[in-house]
>>> print(open('model-v9.cif').read())   # mmCIF, C-alpha atoms
data_run
#
loop_
_atom_site.label_atom_id
_atom_site.label_comp_id
_atom_site.auth_asym_id
_atom_site.auth_seq_id
_atom_site.Cartn_x
_atom_site.Cartn_y
_atom_site.Cartn_z
CA MET A 1 8.20 36.44 10.56
CA THR A 2 8.21 33.21 8.69
CA MET A 3 11.48 31.37 8.60
CA VAL A 4 12.34 29.78 5.30
CA GLY A 5 13.03 26.13 5.77
CA THR A 6 16.06 24.64 4.15
CA PRO A 7 15.00 22.96 0.92
CA PRO A 8 14.91 19.21 1.22
CA PRO A 9 18.10 17.47 0.18
CA LEU A 10 18.35 16.12 -3.33
CA PRO A 11 17.69 12.41 -3.28
CA VAL A 12 20.67 10.16 -3.64
CA ARG A 13 20.21 6.63 -4.74
CA GLY A 14 21.00 4.18 -1.98
CA LYS A 15 24.44 2.63 -2.12
CA GLU A 16 22.89 -0.79 -2.37
CA GLY A 17 21.34 0.09 -5.73
CA GLY A 18 24.10 -0.42 -8.23
CA GLN A 19 24.21 0.65 -11.85
CA GLY A 20 21.05 -0.12 -13.71
CA ARG A 21 19.24 -1.64 -10.78
CA THR A 22 16.04 0.22 -11.46
CA GLN A 23 15.95 -1.13 -14.94
CA GLY A 24 12.50 -2.40 -15.76
CA ALA A 25 10.91 -0.55 -12.90
CA LEU A 26 9.24 2.06 -15.07
CA SER A 27 8.54 0.34 -18.34
CA PRO A 28 9.40 -3.34 -18.81
CA MET A 29 8.92 -2.82 -22.52
CA LEU A 30 11.58 -0.12 -22.58
CA SER A 31 14.05 -2.35 -20.73
CA ARG A 32 13.46 -5.13 -23.20
CA LEU A 33 14.01 -2.74 -26.10
CA ALA A 34 17.24 -1.53 -24.50
CA ASP A 35 18.44 -5.10 -24.06
CA GLU A 36 17.81 -5.96 -27.68
CA ARG A 37 19.43 -2.65 -28.75
CA ALA A 38 16.31 -1.68 -30.65
CA THR A 39 15.95 1.31 -32.93
CA GLY A 40 12.62 3.03 -33.35
CA VAL A 41 10.02 5.04 -31.48
CA LEU A 42 8.33 4.10 -28.20
CA ILE A 43 4.99 5.85 -27.95
CA ARG A 44 3.57 6.08 -24.45
CA GLU A 45 0.55 7.93 -23.10
CA HIS A 46 2.38 11.09 -22.03
CA GLY A 47 5.34 11.14 -24.33
CA THR A 48 7.51 9.53 -26.94
CA LEU A 49 11.04 8.13 -26.70
CA HIS A 50 13.23 7.78 -29.78
CA LEU A 51 15.67 4.91 -29.48
CA SER A 52 18.75 4.22 -31.51
CA ASP A 53 20.69 1.05 -30.85
CA GLY A 54 18.98 0.73 -27.44
CA HIS A 55 19.86 4.26 -26.33
CA VAL A 56 17.50 7.19 -25.93
CA VAL A 57 18.44 9.82 -28.50
CA HIS A 58 15.43 12.09 -28.28
CA ALA A 59 12.25 12.48 -26.22
CA GLU A 60 9.07 14.45 -26.72
CA SER A 61 6.06 15.13 -24.55
CA ARG A 62 3.18 17.53 -24.88
CA LEU A 63 3.81 18.43 -21.24
CA ALA A 64 7.41 19.50 -21.81
CA PRO A 65 8.78 22.23 -24.09
CA GLY A 66 10.67 20.90 -27.08
CA LEU A 67 14.25 21.54 -28.06
CA ASP A 68 13.02 24.18 -30.52
CA LEU A 69 11.26 26.18 -27.81
CA LEU A 70 14.21 26.00 -25.41
CA LEU A 71 16.58 27.23 -28.12
CA THR A 72 14.36 30.01 -29.42
CA ALA A 73 12.63 31.30 -26.25
CA HIS A 74 15.68 32.99 -24.74
CA GLY A 75 18.33 31.06 -26.55
CA PRO A 76 20.72 31.99 -29.29
CA LEU A 77 18.29 31.29 -32.12
CA GLY A 78 15.45 33.26 -33.67
CA THR A 79 12.25 31.49 -34.58
CA ALA A 80 12.99 32.18 -38.25
CA ASP A 81 16.32 30.33 -38.06
CA TRP A 82 14.58 27.35 -36.60
CA GLN A 83 11.73 27.32 -39.11
CA GLN A 84 14.19 27.53 -41.96
CA ALA A 85 16.11 24.53 -40.67
CA GLY A 86 12.87 22.70 -39.87
CA ARG A 87 11.76 22.93 -43.49
CA ARG A 88 14.79 20.98 -44.60
CA THR A 89 14.37 18.05 -42.25
CA ASP A 90 11.49 16.34 -40.48
CA SER A 91 13.00 15.84 -37.03
CA LEU A 92 13.99 18.21 -34.25
CA PRO A 93 17.44 16.66 -33.79
CA GLY A 94 17.89 16.81 -37.56
CA ALA A 95 17.11 20.51 -37.62
CA ALA A 96 19.44 21.08 -34.68
CA ARG A 97 22.20 19.25 -36.49
CA LEU A 98 21.72 21.44 -39.56
CA LEU A 99 22.01 24.58 -37.45
CA LEU A 100 25.12 23.18 -35.78
CA ASP A 101 26.76 22.46 -39.12
CA ALA A 102 25.81 25.92 -40.37
CA GLY A 103 27.56 27.46 -37.37
CA ARG A 104 24.36 28.95 -35.94
CA LEU A 105 24.67 26.85 -32.81
CA THR A 106 27.62 25.63 -30.80
CA THR A 107 28.01 22.06 -29.64
CA GLY A 108 27.91 23.03 -25.97
CA VAL A 109 24.67 25.00 -26.27
CA LEU A 110 23.01 22.32 -28.34
CA GLU A 111 24.08 19.50 -26.01
CA LEU A 112 22.85 21.36 -22.94
CA CYS A 113 19.47 22.15 -24.50
CA HIS A 114 19.12 18.70 -25.99
CA LEU A 115 19.86 16.89 -22.71
CA GLY A 116 17.63 19.34 -20.85
CA ALA A 117 14.74 18.62 -23.21
CA LEU A 118 15.44 14.87 -23.28
CA PHE A 119 15.38 14.33 -19.52
CA ASP A 120 12.40 16.67 -19.19
CA ALA A 121 10.24 14.97 -21.81
CA GLY A 122 11.55 11.56 -20.73
CA TYR A 123 10.28 12.19 -17.21
CA PHE A 124 6.74 12.58 -18.54
CA ALA A 125 7.05 9.84 -21.13
CA LEU A 126 7.87 7.41 -18.31
CA ALA A 127 5.02 8.58 -16.06
CA PRO A 128 2.60 5.78 -15.17
CA SER A 129 0.09 5.43 -17.95
CA SER A 130 -3.33 3.90 -18.29
CA THR A 131 -2.70 2.56 -21.77
CA PRO A 132 0.04 0.22 -22.96
CA GLY A 133 2.93 1.70 -24.90
CA ARG A 134 3.55 0.91 -28.54
CA PHE A 135 6.89 0.52 -30.26
CA ARG A 136 7.48 1.18 -33.92
CA TYR A 137 10.70 -0.31 -35.16
CA GLY A 138 12.41 1.99 -37.56
CA ILE A 139 15.69 2.98 -39.02
CA ALA A 140 18.09 5.16 -37.11
CA PRO A 141 17.31 8.85 -37.55
CA GLY A 142 19.51 10.43 -40.22
CA PRO A 143 22.17 12.45 -38.44
CA ALA A 144 24.33 10.91 -35.75
CA PRO A 145 22.66 11.26 -32.36
CA LEU A 146 23.88 14.15 -30.24
CA ARG A 147 24.51 12.51 -26.90
CA PRO A 148 22.70 9.19 -26.60
CA VAL A 149 21.47 8.48 -23.07
CA PRO A 150 21.39 4.91 -21.77
CA VAL A 151 17.86 3.76 -20.91
CA THR A 152 18.93 2.94 -17.36
CA ALA A 153 20.26 6.48 -16.87
CA LEU A 154 16.93 8.00 -17.96
CA GLU A 155 15.00 5.58 -15.74
CA ARG A 156 17.09 6.25 -12.66
CA GLU A 157 16.92 10.01 -13.19
CA THR A 158 13.14 9.83 -13.62
CA VAL A 159 12.76 7.94 -10.34
CA ARG A 160 15.06 10.41 -8.60
CA ARG A 161 13.04 13.34 -9.94
CA ARG A 162 9.82 11.82 -8.59
CA GLU A 163 11.45 11.48 -5.19
CA LEU A 164 12.73 15.05 -5.31
CA LEU A 165 9.25 16.45 -6.03
CA HIS A 166 7.75 14.26 -3.33
CA ARG A 167 10.23 15.48 -0.74
CA ILE A 168 9.57 19.14 -1.53
CA TRP A 169 5.78 18.88 -1.29
CA PRO A 170 4.04 15.51 -1.33
CA ASP A 171 0.84 16.63 -3.05
CA PRO A 172 1.14 16.14 -6.86
CA ALA A 173 -2.00 18.20 -7.55
CA THR A 174 0.04 21.32 -8.36
CA ASP A 175 1.80 19.49 -11.21
CA SER A 176 -1.23 19.44 -13.45
CA ALA A 177 -4.07 21.54 -12.04
CA PRO A 178 -4.60 25.21 -12.90
CA LEU A 179 -2.85 27.17 -10.18
CA ILE A 180 -4.21 29.91 -8.00
CA ARG A 181 -2.30 32.32 -5.81
CA ALA A 182 -2.66 31.96 -2.10
CA ASP A 183 -1.99 34.82 0.24
CA PRO A 184 -0.14 33.71 3.34
CA VAL A 185 -0.01 36.06 6.30
CA ALA A 186 3.75 36.40 6.18
CA ALA A 187 4.93 35.58 2.69
CA PRO A 188 8.41 34.08 2.64
CA PRO A 189 10.90 35.51 0.14
CA VAL A 190 11.03 33.82 -3.24
CA THR A 191 13.86 33.41 -5.73
CA SER A 192 13.80 35.29 -9.02
CA ARG A 193 13.02 32.07 -10.88
CA GLN A 194 10.07 31.45 -8.59
CA ARG A 195 8.90 35.05 -8.89
CA ALA A 196 8.65 34.69 -12.67
CA VAL A 197 6.53 31.57 -12.17
CA LEU A 198 4.38 33.23 -9.55
CA GLU A 199 3.63 36.15 -11.84
CA LEU A 200 2.04 33.80 -14.37
CA VAL A 201 -0.21 32.07 -11.84
CA ASP A 202 -3.67 33.28 -12.86
CA GLY A 203 -6.15 30.55 -12.03
CA VAL A 204 -6.11 29.23 -15.61
CA ARG A 205 -2.55 28.19 -16.36
CA ALA A 206 -1.17 24.92 -15.04
CA ALA A 207 2.53 24.31 -14.40
CA PRO A 208 3.30 22.95 -17.91
CA ASP A 209 1.63 26.04 -19.45
CA ILE A 210 3.77 28.32 -17.30
CA ALA A 211 6.89 26.41 -18.31
CA ARG A 212 6.08 26.80 -21.97
CA GLU A 213 5.32 30.49 -21.55
CA LEU A 214 8.66 31.08 -19.82
CA GLY A 215 10.58 28.87 -22.23
CA ARG A 216 11.70 26.72 -19.30
CA ARG A 217 11.80 22.99 -18.77
CA THR A 218 8.65 21.66 -17.14
CA PHE A 219 10.29 19.58 -14.44
CA GLN A 220 12.30 22.58 -13.19
CA THR A 221 9.02 24.51 -13.15
CA LEU A 222 7.33 21.72 -11.18
CA VAL A 223 10.12 22.06 -8.61
CA ASP A 224 9.48 25.81 -8.35
CA VAL A 225 5.72 25.30 -8.13
CA ARG A 226 5.95 22.64 -5.45
CA ARG A 227 8.26 24.86 -3.42
CA LEU A 228 5.82 27.74 -3.83
CA ALA A 229 3.05 25.38 -2.72
CA ALA A 230 5.11 24.31 0.29
CA ALA A 231 5.59 27.99 1.13
CA GLY A 232 1.84 28.52 0.91
CA LEU A 233 2.05 30.89 -2.06
CA VAL A 234 0.20 28.83 -4.65
CA ALA A 235 -2.44 26.14 -4.48
CA PRO A 236 -4.10 23.90 -7.02
CA GLY A 237 -7.34 25.38 -8.27
CA THR A 238 -10.57 23.51 -7.68
CA ALA A 239 -11.52 23.05 -11.32
CA PRO A 240 -9.25 20.46 -12.89
CA GLY A 241 -7.79 21.21 -16.28
CA PRO A 242 -9.22 19.75 -19.46
CA SER A 243 -6.84 16.80 -19.49
CA PRO A 244 -5.07 16.34 -16.18
CA PRO A 245 -2.57 13.55 -16.66
CA PRO A 246 -2.21 11.07 -13.84
CA LEU A 247 1.12 12.02 -12.38
CA PRO A 248 3.88 9.82 -11.14
CA GLN A 249 3.50 8.38 -7.70
CA VAL A 250 6.62 8.03 -5.64
CA THR A 251 5.71 4.72 -4.17
CA ASP A 252 6.18 2.69 -7.30
CA PRO A 253 5.08 -0.86 -6.52
CA ASP A 254 7.31 -2.21 -9.26
CA ILE A 255 10.39 -0.82 -7.58
CA ALA A 256 9.47 -2.35 -4.26
CA LEU A 257 8.86 -5.66 -5.97
CA LEU A 258 12.13 -5.50 -7.86
CA LYS A 259 14.04 -4.61 -4.72
CA ARG A 260 12.53 -7.61 -2.92
CA LEU A 261 13.41 -9.84 -5.84
CA ARG A 262 16.93 -8.50 -5.93
CA ASP A 263 17.40 -8.97 -2.21
CA ALA A 264 16.09 -12.52 -2.50
CA LEU A 265 18.46 -13.26 -5.38
CA GLU A 266 21.40 -11.76 -3.57
CA ALA A 267 20.59 -13.84 -0.52
CA LEU A 268 20.85 -17.07 -2.52
CA MET B 1 33.56 24.84 -30.35
CA PRO B 2 33.73 22.51 -27.38
CA GLY B 3 30.95 20.19 -26.33
CA ILE B 4 30.42 18.88 -22.81
CA ASP B 5 33.04 16.14 -23.10
CA GLU B 6 35.73 18.43 -24.53
CA CYS B 7 35.02 20.93 -21.79
CA LEU B 8 35.42 18.30 -19.06
CA LEU B 9 38.58 16.91 -20.62
CA GLU B 10 39.98 20.42 -20.67
CA ALA B 11 39.12 20.79 -17.00
CA MET B 12 41.16 17.67 -16.31
CA ARG B 13 44.21 19.41 -17.76
CA VAL B 14 44.16 21.95 -14.93
CA PRO B 15 47.15 21.10 -12.66
CA GLY B 16 46.06 18.84 -9.80
CA ALA B 17 42.68 17.92 -11.33
CA ARG B 18 41.30 14.66 -9.97
CA GLY B 19 37.82 14.74 -11.41
CA ALA B 20 35.30 17.01 -13.09
CA ALA B 21 31.58 17.02 -13.77
CA LEU B 22 28.88 19.13 -15.35
CA VAL B 23 25.86 19.10 -13.05
CA ASP B 24 22.29 20.42 -13.18
CA TRP B 25 21.68 22.03 -9.82
CA THR B 26 17.90 21.85 -9.87
CA SER B 27 17.75 18.10 -10.23
CA GLY B 28 21.26 17.03 -9.18
CA LEU B 29 21.80 15.22 -12.47
CA ALA B 30 25.36 14.86 -13.77
CA LEU B 31 25.25 15.60 -17.51
CA GLY B 32 28.83 14.52 -17.91
CA THR B 33 31.65 13.26 -15.69
CA VAL B 34 35.33 12.54 -16.10
CA GLY B 35 38.10 11.29 -13.83
CA GLU B 36 37.62 10.30 -10.21
CA ALA B 37 34.86 11.27 -7.80
CA PRO B 38 35.13 11.50 -4.02
CA GLY B 39 34.07 8.10 -2.72
CA GLY B 40 34.18 6.79 -6.30
CA ASP B 41 30.56 7.78 -6.94
CA HIS B 42 29.98 10.59 -9.44
CA GLU B 43 26.21 10.41 -9.02
CA THR B 44 26.20 10.99 -5.27
CA THR B 45 28.84 13.69 -5.60
CA ALA B 46 26.73 15.47 -8.21
CA ALA B 47 23.61 15.40 -6.04
CA GLU B 48 25.48 16.69 -2.99
CA ALA B 49 27.32 19.40 -4.92
CA ALA B 50 24.02 20.45 -6.51
CA GLU B 51 22.52 20.97 -3.09
CA LEU B 52 25.36 23.24 -2.06
CA ALA B 53 25.21 25.15 -5.34
CA ARG B 54 21.48 25.69 -5.04
CA LEU B 55 21.73 27.02 -1.50
CA ALA B 56 24.42 29.47 -2.56
CA ALA B 57 22.55 30.52 -5.68
CA GLU B 58 19.22 31.07 -3.99
CA HIS B 59 20.07 32.68 -0.68
CA GLY B 60 20.44 36.41 -0.86
CA ALA B 61 23.32 36.52 1.60
CA PHE B 62 25.84 35.46 -1.05
CA ALA B 63 24.42 37.45 -3.94
CA ALA B 64 26.05 40.36 -5.73
CA GLU B 65 23.98 43.45 -6.46
CA PRO B 66 21.34 42.22 -8.92
CA ASP B 67 21.90 43.26 -12.53
CA GLY B 68 19.30 41.14 -14.21
CA GLU B 69 21.36 38.90 -16.44
CA ARG B 70 24.25 37.48 -14.43
CA PRO B 71 23.53 34.88 -11.76
CA PRO B 72 23.95 36.09 -8.17
CA VAL B 73 26.98 33.86 -7.52
CA GLU B 74 29.94 33.11 -9.82
CA ASP B 75 31.62 30.23 -8.11
CA LEU B 76 32.00 28.33 -4.85
CA ILE B 77 35.20 27.12 -3.26
CA VAL B 78 35.32 24.37 -0.67
CA SER B 79 38.66 23.40 0.77
CA ASN B 80 39.57 20.51 2.99
CA ARG B 81 42.81 18.95 4.25
CA ASP B 82 43.69 17.20 1.02
CA SER B 83 41.65 18.79 -1.76
CA TYR B 84 39.76 21.73 -3.19
CA HIS B 85 36.34 21.69 -4.78
CA LEU B 86 35.54 24.42 -7.25
CA LEU B 87 31.98 24.91 -8.47
CA ARG B 88 31.50 27.36 -11.33
CA PHE B 89 28.03 28.40 -12.50
CA VAL B 90 27.53 28.34 -16.26
CA VAL B 91 25.66 31.43 -17.45
CA THR B 92 23.23 30.81 -20.29
CA SER B 93 20.52 32.86 -21.92
CA PHE B 94 18.37 29.77 -22.41
CA ASP B 95 16.86 27.77 -19.56
CA SER B 96 19.58 25.79 -17.90
CA THR B 97 20.77 25.46 -14.35
CA VAL B 98 24.22 23.91 -14.59
CA PHE B 99 27.62 24.30 -13.00
CA LEU B 100 31.07 22.86 -13.57
CA HIS B 101 32.54 20.97 -10.64
CA LEU B 102 36.30 20.54 -10.49
CA TRP B 103 37.96 18.42 -7.80
CA LEU B 104 41.61 19.31 -7.21
CA ALA B 105 44.35 17.62 -5.22
CA ARG B 106 45.45 20.24 -2.72
CA ASP B 107 49.20 19.69 -2.90
CA GLU B 108 49.31 19.86 -6.72
CA GLY B 109 46.50 22.31 -7.43
CA ASN B 110 46.68 26.06 -7.74
CA LEU B 111 43.34 27.43 -6.68
CA ALA B 112 43.72 30.86 -8.29
CA LEU B 113 44.76 29.39 -11.62
CA ALA B 114 42.02 26.75 -11.52
CA ARG B 115 39.42 29.41 -10.80
CA ILE B 116 40.44 31.46 -13.82
CA ARG B 117 40.60 28.43 -16.11
CA LEU B 118 37.25 27.05 -15.00
CA GLY B 119 35.61 30.43 -15.56
CA GLU B 120 36.97 30.53 -19.10
CA MET B 121 35.75 27.00 -19.77
CA ALA B 122 32.26 27.78 -18.46
CA ASP B 123 32.06 30.75 -20.83
CA ARG B 124 33.40 28.84 -23.82
CA LEU B 125 30.99 25.95 -23.30
CA VAL B 126 28.00 28.17 -24.07
CA LEU B 127 29.60 30.75 -26.31
CA ALA B 128 26.83 31.93 -28.63
#
>>> encode(input="model-v9.cif", output="structure tokens")
Amino acid sequence: MTMVGTPPPLPVRGKEGGQGRTQGALSPMLSRLADERATGVLIREHGTLHLSDGHVVHAESRLAPGLDLLLTAHGPLGTADWQQAGRRTDSLPGAARLLLDAGRLTTGVLELCHLGALFDAGYFALAPSSTPGRFRYGIAPGPAPLRPVPVTALERETVRRRELLHRIWPDPATDSAPLIRADPVAAPPVTSRQRAVLELVDGVRAAPDIARELGRRTFQTLVDVRRLAAAGLVAPGTAPGPSPPPLPQVTDPDIALLKRLRDALEAL
Amino acid sequence: MPGIDECLLEAMRVPGARGAALVDWTSGLALGTVGEAPGGDHETTAAEAAELARLAAEHGAFAAEPDGERPPVEDLIVSNRDSYHLLRFVVTSFDSTVFLHLWLARDEGNLALARIRLGEMADRLVLA
């Protein structure tokens, strides 16, 4: 009988790292934009961040399901509701705001879905990229932002999420490769969330495809997939997908460098 | 209809409330915090509470008979010499893994009342 190991503890930032200490570690450009309280759109290789007054108000990535999918997959909205609202405005938050004002959505539901989508897409938008990001200054999006997230909060959460994935199973291959089912001798029990993921593993779908299919956030699906990989139930397929994105490494050299700099400055 | 902030402020009106947070238990992220946190650090508290919540939610030993929709566990209670911690899972149809965490001073708090109130708040937060 296989014993199920206790899942690794959720990473906690070291006490020595105060508020905003990882600023600049992921994207120096983003930190600069936050400092100058910029408004506009930062386009990076794996995702887009919408800034308003230096805060992140919206994020999108092709690897993460959008607010519309989260709300319509199992949420309170039908696809028709969403399309109707979408025709009247050109942005996802704008459409959400219309639905909120029309009483089709409640603030709590919208805020939960919006933050879920924002941190999910933001995680991929801040993944290391091979091309430089571009920023388009613009005017603030029409409706008031839902819950603006400080850039430092998104950066710290992104770093923490990388560490969490790394602690569960250090091989990032399962994040992007098509997944295949493995057949361990004594299969450990899985949670119902993991079972739903496992049922969609077919040798073709990769983790982001499974997330989209289930109407779930991709990062939460990566957690399930890495835990399934750690349990020996899934493995990355041999044939890489059509566009496997380079995924975040935990050992971010910029962080190490910044920590050294900080320590040196504090020692002065 | 309340948003996250209104919900947390309401939690602070429970007698004996010292602090409250809305936490995602997959990632340990605090989506909103109010009041004090043990040790003064909401972020660490959220990550540690998330770990406890996840263990309780995922291990069959604590689960009710499965009925498909409801999560296996409703809430968690941790008591110590000077305080209570109450963790209430928020049930949503859409993909979310969040709970409300209420920290109560033991000599002023009423655990039974707080449990009822927090359950109502969790339902109202995501009322469709």
>>> closest_atom_pairs(input="model-v9.cif", of="chain B", to="chain A", cutoff="8 Å", atoms="all atoms listed in the file", output="CSV")
residue,atom,partner,partner_atom,distance
B:Met1,CA,A:Thr106,CA,6.0
B:Pro2,CA,A:Gly108,CA,6.0
B:Gly3,CA,A:Gly108,CA,4.2
B:Ile4,CA,A:Gly108,CA,5.8
B:Thr26,CA,A:Gln220,CA,6.6
B:Ser27,CA,A:Arg161,CA,6.7
B:Gly28,CA,A:Leu10,CA,6.6
B:Leu29,CA,A:Glu157,CA,7.2
B:Leu31,CA,A:Leu115,CA,7.6
B:Glu43,CA,A:Val12,CA,7.7
B:Thr44,CA,A:Val12,CA,5.8
B:Ala47,CA,A:Leu10,CA,6.0
B:Glu48,CA,A:Leu10,CA,7.2
B:Ala50,CA,A:Leu10,CA,7.8
B:Glu51,CA,A:Leu10,CA,6.4
B:Glu58,CA,A:Thr191,CA,6.1
B:Thr92,CA,A:Gly75,CA,8.0
B:Ser93,CA,A:Gly75,CA,5.4
B:Phe94,CA,A:Gly75,CA,4.3
B:Asp95,CA,A:Arg216,CA,5.3
B:Ser96,CA,A:Gly116,CA,7.4
B:Leu125,CA,A:Gly108,CA,5.0
B:Val126,CA,A:Val109,CA,5.1
B:Leu127,CA,A:Thr106,CA,7.1
B:Ala128,CA,A:Pro76,CA,6.1
>>> closest_residue(input="model-v9.cif", among="B:Asp75, B:Glu36, B:Asp24, B:Asp41", to="Ala57 (chain B)", atoms="all atoms listed in the file")
B:Asp75
>>> residues_around(input="model-v9.cif", residues="Glu10 (chain B)", least_positions_apart="3", cutoff="12 Å", atoms="only C-alpha atoms", output="ChimeraX atom specification")
/B:2-7,13-15,17,19-21,34-35,100,102,114,117-118,120-122,124-125
>>> atom_distance(input="model-v9.cif", atom1="CA of Gln84 (chain A)", atom2="CA of His114 (chain A)")
18.9 Å
>>> residues_near_point(input="model-v9.cif", point="(5.6, 36.9, 1.1)", cutoff="10 Å", atoms="only C-alpha atoms", output="PyMOL selection string")
chain A and resi 1-2+183-190+231-233
>>> atom_distance(input="model-v9.cif", atom1="CA of Arg44 (chain A)", atom2="CA of Arg62 (chain A)")
11.5 Å
>>> atom_distance(input="model-v9.cif", atom1="CA of Leu33 (chain A)", atom2="CA of Ala264 (chain A)")
25.6 Å
>>> closest_residue(input="model-v9.cif", among="A:Ile139, A:Ala117, A:Ala125, A:Ala85", to="Ser27 (chain A)", atoms="only C-alpha atoms")
A:Ala125
>>> closest_residue(input="model-v9.cif", among="B:Ala11, B:Leu111, B:Leu76, B:Leu87", to="Ala63 (chain B)", atoms="only C-alpha atoms")
B:Leu76
>>> resolve_selection(input="model-v9.cif", expression="the PyMOL selection byres ((chain A and resi 238) around 12)", output="list in words")
Ala173, Thr174, Ser176, Ala177, Pro178, Leu179, Ile180, Gly203, Val204, Ala235, Pro236, Gly237, Ala239, Pro240 and Gly241 of chain A
>>> residues_near_point(input="model-v9.cif", point="(14.1, 18.1, -31.7)", cutoff="12 Å", atoms="all atoms listed in the file", output="JSON, numbers by chain")
{"A": [48, 49, 50, 57, 58, 59, 60, 61, 65, 66, 67, 68, 69, 70, 71, 82, 85, 86, 89, 90, 91, 92, 93, 94, 95, 96, 97, 98, 99, 110, 111, 113, 114, 115, 116, 117, 118, 121, 141, 143, 145, 146]}
>>> closest_residue(input="model-v9.cif", among="A:Val56, A:Arg227, A:Phe135, A:Val234", to="Val201 (chain A)", atoms="all atoms listed in the file")
A:Val234
>>> build_atoms(input="model-v9.cif", residues="region 40-53 of chain B", atoms="N, CA, C and O atoms", output="PDB file, keeping the file's coordinate frame")
ATOM      1  N   GLY B  40      34.332   7.619  -5.099  1.00  0.00           N
ATOM      2  CA  GLY B  40      34.180   6.790  -6.300  1.00  0.00           C
ATOM      3  C   GLY B  40      32.787   6.855  -6.916  1.00  0.00           C
ATOM      4  O   GLY B  40      32.475   6.095  -7.816  1.00  0.00           O
ATOM      5  N   ASP B  41      31.932   7.760  -6.454  1.00  0.00           N
ATOM      6  CA  ASP B  41      30.560   7.780  -6.940  1.00  0.00           C
ATOM      7  C   ASP B  41      30.213   9.161  -7.489  1.00  0.00           C
ATOM      8  O   ASP B  41      29.906  10.081  -6.736  1.00  0.00           O
ATOM      9  N   HIS B  42      30.265   9.296  -8.812  1.00  0.00           N
ATOM     10  CA  HIS B  42      29.980  10.590  -9.440  1.00  0.00           C
ATOM     11  C   HIS B  42      28.539  11.030  -9.189  1.00  0.00           C
ATOM     12  O   HIS B  42      28.253  12.201  -9.057  1.00  0.00           O
ATOM     13  N   GLU B  43      27.631  10.057  -9.129  1.00  0.00           N
ATOM     14  CA  GLU B  43      26.210  10.410  -9.020  1.00  0.00           C
ATOM     15  C   GLU B  43      25.895  11.046  -7.668  1.00  0.00           C
ATOM     16  O   GLU B  43      25.207  12.066  -7.582  1.00  0.00           O
ATOM     17  N   THR B  44      26.417  10.436  -6.610  1.00  0.00           N
ATOM     18  CA  THR B  44      26.200  10.990  -5.270  1.00  0.00           C
ATOM     19  C   THR B  44      26.885  12.335  -5.142  1.00  0.00           C
ATOM     20  O   THR B  44      26.315  13.288  -4.590  1.00  0.00           O
ATOM     21  N   THR B  45      28.113  12.424  -5.660  1.00  0.00           N
ATOM     22  CA  THR B  45      28.840  13.690  -5.600  1.00  0.00           C
ATOM     23  C   THR B  45      28.053  14.790  -6.295  1.00  0.00           C
ATOM     24  O   THR B  45      27.934  15.906  -5.784  1.00  0.00           O
ATOM     25  N   ALA B  46      27.482  14.466  -7.461  1.00  0.00           N
ATOM     26  CA  ALA B  46      26.730  15.470  -8.210  1.00  0.00           C
ATOM     27  C   ALA B  46      25.519  15.948  -7.415  1.00  0.00           C
ATOM     28  O   ALA B  46      25.244  17.145  -7.337  1.00  0.00           O
ATOM     29  N   ALA B  47      24.810  15.027  -6.791  1.00  0.00           N
ATOM     30  CA  ALA B  47      23.610  15.400  -6.040  1.00  0.00           C
ATOM     31  C   ALA B  47      23.983  16.279  -4.844  1.00  0.00           C
ATOM     32  O   ALA B  47      23.305  17.267  -4.544  1.00  0.00           O
ATOM     33  N   GLU B  48      25.082  15.925  -4.174  1.00  0.00           N
ATOM     34  CA  GLU B  48      25.480  16.690  -2.990  1.00  0.00           C
ATOM     35  C   GLU B  48      26.021  18.073  -3.379  1.00  0.00           C
ATOM     36  O   GLU B  48      25.723  19.072  -2.726  1.00  0.00           O
ATOM     37  N   ALA B  49      26.794  18.106  -4.460  1.00  0.00           N
ATOM     38  CA  ALA B  49      27.320  19.400  -4.920  1.00  0.00           C
ATOM     39  C   ALA B  49      26.181  20.296  -5.388  1.00  0.00           C
ATOM     40  O   ALA B  49      26.200  21.518  -5.185  1.00  0.00           O
ATOM     41  N   ALA B  50      25.162  19.681  -6.012  1.00  0.00           N
ATOM     42  CA  ALA B  50      24.020  20.450  -6.510  1.00  0.00           C
ATOM     43  C   ALA B  50      23.276  21.125  -5.364  1.00  0.00           C
ATOM     44  O   ALA B  50      22.811  22.256  -5.483  1.00  0.00           O
ATOM     45  N   GLU B  51      23.200  20.413  -4.257  1.00  0.00           N
ATOM     46  CA  GLU B  51      22.520  20.970  -3.090  1.00  0.00           C
ATOM     47  C   GLU B  51      23.237  22.217  -2.579  1.00  0.00           C
ATOM     48  O   GLU B  51      22.615  23.239  -2.268  1.00  0.00           O
ATOM     49  N   LEU B  52      24.546  22.112  -2.513  1.00  0.00           N
ATOM     50  CA  LEU B  52      25.360  23.240  -2.060  1.00  0.00           C
ATOM     51  C   LEU B  52      25.224  24.421  -3.036  1.00  0.00           C
ATOM     52  O   LEU B  52      25.036  25.568  -2.625  1.00  0.00           O
ATOM     53  N   ALA B  53      25.295  24.108  -4.322  1.00  0.00           N
ATOM     54  CA  ALA B  53      25.210  25.150  -5.340  1.00  0.00           C
ATOM     55  C   ALA B  53      23.870  25.865  -5.277  1.00  0.00           C
ATOM     56  O   ALA B  53      23.784  27.083  -5.380  1.00  0.00           O
TER      57      ALA B  53
END
